[in-house]
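Engineer: Below are the C-alpha coordinates for one structure; questions will follow.
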Amino acid sequence: MHPTGQAIPSGAKPNDGGWQHLCFQVEDIEKTTLELEAKGVKFLSTPVTISRERPFFAGVRFCDFRGPDGEVLEILQG
(Lines give C-alpha, C1' and ligand atoms only; values in the text may rest on other atoms or scores of the structure.)
Protein backbone atom coordinates (compact mmCIF):
# COMPACT_ATOMS: atom_id res chain seq x y z
CA MET A 1 0.00 0.00 0.00
CA HIS A 2 1.43 3.36 -1.02
CA PRO A 3 -0.77 6.23 0.14
CA THR A 4 -0.47 9.45 -1.84
CA GLY A 5 0.85 12.36 0.21
CA GLN A 6 -0.20 15.98 -0.04
CA ALA A 7 1.92 18.61 -1.70
CA ILE A 8 3.66 21.14 0.53
CA PRO A 9 1.45 24.27 0.58
CA SER A 10 3.05 27.07 -1.44
CA GLY A 11 2.68 29.47 1.51
CA ALA A 12 4.20 27.10 4.10
CA LYS A 13 6.48 28.86 6.55
CA PRO A 14 9.32 27.28 8.58
CA ASN A 15 7.56 28.07 11.87
CA ASP A 16 4.15 26.57 10.93
CA GLY A 17 2.96 23.69 13.08
CA GLY A 18 4.00 20.14 12.26
CA TRP A 19 6.98 19.05 10.21
CA GLN A 20 7.82 22.06 8.10
CA HIS A 21 11.56 22.05 7.56
CA LEU A 22 14.84 20.23 7.95
CA CYS A 23 17.83 21.99 9.49
CA PHE A 24 21.54 21.42 8.90
CA GLN A 25 24.08 22.78 11.39
CA VAL A 26 27.11 24.44 9.78
CA GLU A 27 30.37 25.83 11.14
CA ASP A 28 30.37 29.07 9.09
CA ILE A 29 27.00 30.28 7.82
CA GLU A 30 28.48 33.06 5.64
CA LYS A 31 30.82 30.64 3.85
CA THR A 32 28.10 28.01 3.46
CA THR A 33 25.62 30.57 2.13
CA LEU A 34 28.10 31.73 -0.50
CA GLU A 35 28.92 28.15 -1.51
CA LEU A 36 25.24 27.24 -1.89
CA GLU A 37 24.44 30.45 -3.80
CA ALA A 38 27.27 29.62 -6.22
CA LYS A 39 25.44 26.32 -6.87
CA GLY A 40 22.19 28.14 -7.65
CA VAL A 41 20.44 28.05 -4.27
CA LYS A 42 18.08 31.00 -3.74
CA PHE A 43 17.72 31.90 -0.06
CA LEU A 44 14.46 33.15 1.45
CA SER A 45 16.45 35.67 3.52
CA THR A 46 19.97 36.62 4.43
CA PRO A 47 21.34 34.99 7.62
CA VAL A 48 19.40 36.14 10.70
CA THR A 49 21.03 36.45 14.13
CA ILE A 50 18.84 35.79 17.17
CA SER A 51 19.03 38.71 19.60
CA ARG A 52 20.38 38.70 23.14
CA GLU A 53 16.77 39.13 24.33
CA ARG A 54 16.38 35.38 23.74
CA PRO A 55 19.12 34.11 26.08
CA PHE A 56 18.84 30.41 25.22
CA PHE A 57 19.32 31.05 21.49
CA ALA A 58 21.21 34.37 21.59
CA GLY A 59 23.77 34.61 18.82
CA VAL A 60 22.48 31.63 16.85
CA ARG A 61 22.37 32.41 13.12
CA PHE A 62 20.14 30.80 10.51
CA CYS A 63 18.62 31.19 7.07
CA ASP A 64 16.13 29.22 4.99
CA PHE A 65 15.84 28.12 1.38
CA ARG A 66 13.70 25.73 -0.65
CA GLY A 67 14.91 22.30 -1.66
CA PRO A 68 14.33 20.65 -5.04
CA ASP A 69 10.81 19.51 -4.11
CA GLY A 70 9.77 22.85 -2.58
CA GLU A 71 10.53 21.74 0.98
CA VAL A 72 11.97 24.35 3.35
CA LEU A 73 15.58 23.70 4.35
CA GLU A 74 17.56 25.64 6.93
CA ILE A 75 21.21 26.09 7.73
CA LEU A 76 22.08 27.06 11.28
CA GLN A 77 25.30 28.20 12.96
CA GLY A 78 25.49 28.07 16.71
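Residues are named by chain letter and number: chains run A, B, ... in the order of the C-alpha coordinates, numbers start at 1 in each chain, and ligands are numbered from 1 in the order shown.
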Which polymer residues have any atom within 8 Å of an atom of region 53-69 of chain A, counting only C-alpha atoms, with same-chain residues fewer than 3 positions away left out, as a CSV table (one decimal) with N, CA, C and O atoms, in the first residue's frame?
Structural biologist:
```csv
chain,number,residue,atom,x,y,z
A,14,PRO,N,8.5,28.2,7.7
A,14,PRO,CA,9.3,27.3,8.6
A,14,PRO,C,8.8,27.1,10.0
A,14,PRO,O,9.0,26.1,10.7
A,29,ILE,N,28.2,30.1,8.6
A,29,ILE,CA,27.0,30.3,7.8
A,29,ILE,C,27.3,31.2,6.6
A,29,ILE,O,26.7,31.0,5.6
A,41,VAL,N,21.4,28.0,-5.3
A,41,VAL,CA,20.4,28.1,-4.3
A,41,VAL,C,20.0,29.5,-4.1
A,41,VAL,O,20.8,30.4,-4.0
A,42,LYS,N,18.7,29.7,-4.0
A,42,LYS,CA,18.1,31.0,-3.7
A,42,LYS,C,17.5,31.0,-2.3
A,42,LYS,O,16.6,30.2,-2.0
A,43,PHE,N,18.1,31.8,-1.5
A,43,PHE,CA,17.7,31.9,-0.1
A,43,PHE,C,16.5,32.7,0.1
A,43,PHE,O,16.2,33.7,-0.6
A,44,LEU,N,15.7,32.4,1.1
A,44,LEU,CA,14.5,33.1,1.4
A,44,LEU,C,14.8,34.4,2.2
A,44,LEU,O,14.0,35.3,2.3
A,45,SER,N,16.0,34.5,2.8
A,45,SER,CA,16.4,35.7,3.5
A,45,SER,C,18.0,35.6,3.7
A,45,SER,O,18.6,34.5,3.4
A,46,THR,N,18.6,36.7,4.1
A,46,THR,CA,20.0,36.6,4.4
A,46,THR,C,20.1,36.0,5.8
A,46,THR,O,19.0,35.9,6.5
A,47,PRO,N,21.2,35.6,6.3
A,47,PRO,CA,21.3,35.0,7.6
A,47,PRO,C,20.8,35.9,8.7
A,47,PRO,O,21.1,37.1,8.7
A,48,VAL,N,20.0,35.4,9.6
A,48,VAL,CA,19.4,36.1,10.7
A,48,VAL,C,20.1,35.7,12.0
A,48,VAL,O,20.4,34.6,12.2
A,49,THR,N,20.4,36.7,12.8
A,49,THR,CA,21.0,36.4,14.1
A,49,THR,C,20.0,36.7,15.2
A,49,THR,O,19.4,37.7,15.3
A,50,ILE,N,19.8,35.7,16.1
A,50,ILE,CA,18.8,35.8,17.2
A,50,ILE,C,19.4,36.7,18.2
A,50,ILE,O,20.6,36.6,18.6
A,72,VAL,N,11.1,23.3,2.7
A,72,VAL,CA,12.0,24.3,3.4
A,72,VAL,C,13.1,23.7,4.0
A,72,VAL,O,13.0,22.7,4.8
A,73,LEU,N,14.3,24.2,3.7
A,73,LEU,CA,15.6,23.7,4.4
A,73,LEU,C,16.2,24.9,5.1
A,73,LEU,O,16.0,26.0,4.7
A,74,GLU,N,16.9,24.6,6.1
A,74,GLU,CA,17.6,25.6,6.9
A,74,GLU,C,19.0,25.3,7.2
A,74,GLU,O,19.3,24.1,7.4
A,75,ILE,N,19.9,26.3,7.2
A,75,ILE,CA,21.2,26.1,7.7
A,75,ILE,C,21.3,26.9,9.0
A,75,ILE,O,20.7,28.0,9.1
A,76,LEU,N,22.0,26.4,10.0
A,76,LEU,CA,22.1,27.1,11.3
A,76,LEU,C,23.5,27.0,11.8
A,76,LEU,O,24.2,26.0,11.7
A,77,GLN,N,24.0,28.1,12.3
A,77,GLN,CA,25.3,28.2,13.0
A,77,GLN,C,25.1,28.6,14.4
A,77,GLN,O,24.5,29.6,14.7
A,78,GLY,N,25.6,27.7,15.3
A,78,GLY,CA,25.5,28.1,16.7
A,78,GLY,C,25.1,26.9,17.6
A,78,GLY,O,24.6,25.9,17.2
```
Engineer: For the structure I just gave you, how does DSSP split chain A - specifically, which residues are strand (DSSP E or B)? Reply as number ranges by chain.
Structural biologist: A: 21-25, 43, 48-49, 61-66, 72-77
Engineer: What does the distance between CA of Lys39 (chain A) and CA of Cys23 (chain A) come to in Å, to one decimal place?
Structural biologist: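 Result for CA of Lys39 (chain A) versus CA of Cys23 (chain A): 18.6 Å, one decimal.
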Engineer: Residues at most 10 Å from Glu71 (chain A), counting only C-alpha atoms, excluding those fewer than 5 positions away in the same chain, as an NGL selection string?
Structural biologist: :A and (7-10 or 12-14 or 20-22 or 65-66)
Engineer: Please compute the CA of Gly40 (chain A)-CA of Phe24 (chain A) distance, one decimal, in Å.
Structural biologist: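 Computing it gives 17.9 Å between the two atoms.
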Engineer: Tell me, which residues of chain A carry DSSP alpha helix (DSSP H), written as a list in words?
Structural biologist: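 So the alpha helix (DSSP H) residues in chain A would be Ile29, Glu30, Lys31, Thr32, Thr33, Leu34, Glu35, Leu36, Glu37 and Ala38 of chain A.
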Engineer: Kindly save the residues from that selection, with all heavy atoms included, as a PDB file, in the first residue's frame.
Structural biologist:
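Saved as result20.pdb:
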```
ATOM      1  N   ILE A  29      28.204  30.058   8.622  1.00  0.00           N
ATOM      2  CA  ILE A  29      27.005  30.285   7.819  1.00  0.00           C
ATOM      3  C   ILE A  29      27.278  31.186   6.615  1.00  0.00           C
ATOM      4  O   ILE A  29      26.698  30.996   5.553  1.00  0.00           O
ATOM      5  CB  ILE A  29      25.845  30.817   8.686  1.00  0.00           C
ATOM      6  CG1 ILE A  29      24.506  30.620   7.951  1.00  0.00           C
ATOM      7  CG2 ILE A  29      26.065  32.265   9.083  1.00  0.00           C
ATOM      8  CD1 ILE A  29      23.301  30.795   8.834  1.00  0.00           C
ATOM      9  N   GLU A  30      28.166  32.161   6.768  1.00  0.00           N
ATOM     10  CA  GLU A  30      28.482  33.057   5.645  1.00  0.00           C
ATOM     11  C   GLU A  30      29.139  32.267   4.508  1.00  0.00           C
ATOM     12  O   GLU A  30      28.757  32.395   3.350  1.00  0.00           O
ATOM     13  CB  GLU A  30      29.397  34.194   6.091  1.00  0.00           C
ATOM     14  CG  GLU A  30      28.793  35.135   7.122  1.00  0.00           C
ATOM     15  CD  GLU A  30      27.594  35.930   6.619  1.00  0.00           C
ATOM     16  OE1 GLU A  30      27.454  36.109   5.388  1.00  0.00           O
ATOM     17  OE2 GLU A  30      26.798  36.364   7.465  1.00  0.00           O
ATOM     18  N   LYS A  31      30.117  31.449   4.851  1.00  0.00           N
ATOM     19  CA  LYS A  31      30.817  30.642   3.853  1.00  0.00           C
ATOM     20  C   LYS A  31      29.857  29.658   3.186  1.00  0.00           C
ATOM     21  O   LYS A  31      29.848  29.510   1.962  1.00  0.00           O
ATOM     22  CB  LYS A  31      31.978  29.894   4.511  1.00  0.00           C
ATOM     23  CG  LYS A  31      32.738  28.985   3.572  1.00  0.00           C
ATOM     24  CD  LYS A  31      33.847  28.247   4.300  1.00  0.00           C
ATOM     25  CE  LYS A  31      34.530  27.248   3.387  1.00  0.00           C
ATOM     26  NZ  LYS A  31      35.444  26.376   4.108  1.00  0.00           N
ATOM     27  N   THR A  32      29.043  28.991   3.991  1.00  0.00           N
ATOM     28  CA  THR A  32      28.101  28.006   3.462  1.00  0.00           C
ATOM     29  C   THR A  32      27.069  28.669   2.556  1.00  0.00           C
ATOM     30  O   THR A  32      26.729  28.139   1.488  1.00  0.00           O
ATOM     31  CB  THR A  32      27.408  27.251   4.609  1.00  0.00           C
ATOM     32  OG1 THR A  32      28.403  26.644   5.438  1.00  0.00           O
ATOM     33  CG2 THR A  32      26.468  26.180   4.080  1.00  0.00           C
ATOM     34  N   THR A  33      26.580  29.837   2.952  1.00  0.00           N
ATOM     35  CA  THR A  33      25.616  30.567   2.132  1.00  0.00           C
ATOM     36  C   THR A  33      26.220  30.895   0.767  1.00  0.00           C
ATOM     37  O   THR A  33      25.591  30.675  -0.272  1.00  0.00           O
ATOM     38  CB  THR A  33      25.165  31.858   2.843  1.00  0.00           C
ATOM     39  OG1 THR A  33      24.581  31.516   4.107  1.00  0.00           O
ATOM     40  CG2 THR A  33      24.141  32.623   2.034  1.00  0.00           C
ATOM     41  N   LEU A  34      27.439  31.395   0.764  1.00  0.00           N
ATOM     42  CA  LEU A  34      28.104  31.727  -0.503  1.00  0.00           C
ATOM     43  C   LEU A  34      28.309  30.486  -1.370  1.00  0.00           C
ATOM     44  O   LEU A  34      28.096  30.529  -2.596  1.00  0.00           O
ATOM     45  CB  LEU A  34      29.444  32.415  -0.236  1.00  0.00           C
ATOM     46  CG  LEU A  34      29.361  33.824   0.361  1.00  0.00           C
ATOM     47  CD1 LEU A  34      30.757  34.327   0.733  1.00  0.00           C
ATOM     48  CD2 LEU A  34      28.675  34.777  -0.606  1.00  0.00           C
ATOM     49  N   GLU A  35      28.708  29.390  -0.757  1.00  0.00           N
ATOM     50  CA  GLU A  35      28.919  28.151  -1.513  1.00  0.00           C
ATOM     51  C   GLU A  35      27.615  27.649  -2.138  1.00  0.00           C
ATOM     52  O   GLU A  35      27.595  27.219  -3.294  1.00  0.00           O
ATOM     53  CB  GLU A  35      29.513  27.069  -0.602  1.00  0.00           C
ATOM     54  CG  GLU A  35      30.940  27.331  -0.201  1.00  0.00           C
ATOM     55  CD  GLU A  35      31.466  26.367   0.845  1.00  0.00           C
ATOM     56  OE1 GLU A  35      30.663  25.582   1.429  1.00  0.00           O
ATOM     57  OE2 GLU A  35      32.684  26.394   1.117  1.00  0.00           O
ATOM     58  N   LEU A  36      26.531  27.708  -1.369  1.00  0.00           N
ATOM     59  CA  LEU A  36      25.244  27.244  -1.892  1.00  0.00           C
ATOM     60  C   LEU A  36      24.704  28.183  -2.970  1.00  0.00           C
ATOM     61  O   LEU A  36      24.151  27.730  -3.977  1.00  0.00           O
ATOM     62  CB  LEU A  36      24.240  27.082  -0.745  1.00  0.00           C
ATOM     63  CG  LEU A  36      24.515  25.923   0.208  1.00  0.00           C
ATOM     64  CD1 LEU A  36      23.580  25.976   1.407  1.00  0.00           C
ATOM     65  CD2 LEU A  36      24.401  24.591  -0.504  1.00  0.00           C
ATOM     66  N   GLU A  37      24.877  29.488  -2.780  1.00  0.00           N
ATOM     67  CA  GLU A  37      24.445  30.452  -3.800  1.00  0.00           C
ATOM     68  C   GLU A  37      25.191  30.219  -5.111  1.00  0.00           C
ATOM     69  O   GLU A  37      24.596  30.320  -6.196  1.00  0.00           O
ATOM     70  CB  GLU A  37      24.647  31.886  -3.321  1.00  0.00           C
ATOM     71  CG  GLU A  37      23.633  32.318  -2.291  1.00  0.00           C
ATOM     72  CD  GLU A  37      23.877  33.702  -1.733  1.00  0.00           C
ATOM     73  OE1 GLU A  37      25.036  34.178  -1.724  1.00  0.00           O
ATOM     74  OE2 GLU A  37      22.888  34.323  -1.302  1.00  0.00           O
ATOM     75  N   ALA A  38      26.477  29.895  -5.023  1.00  0.00           N
ATOM     76  CA  ALA A  38      27.274  29.623  -6.224  1.00  0.00           C
ATOM     77  C   ALA A  38      26.753  28.392  -6.970  1.00  0.00           C
ATOM     78  O   ALA A  38      26.984  28.248  -8.167  1.00  0.00           O
ATOM     79  CB  ALA A  38      28.746  29.431  -5.847  1.00  0.00           C
TER      80      ALA A  38
END
```
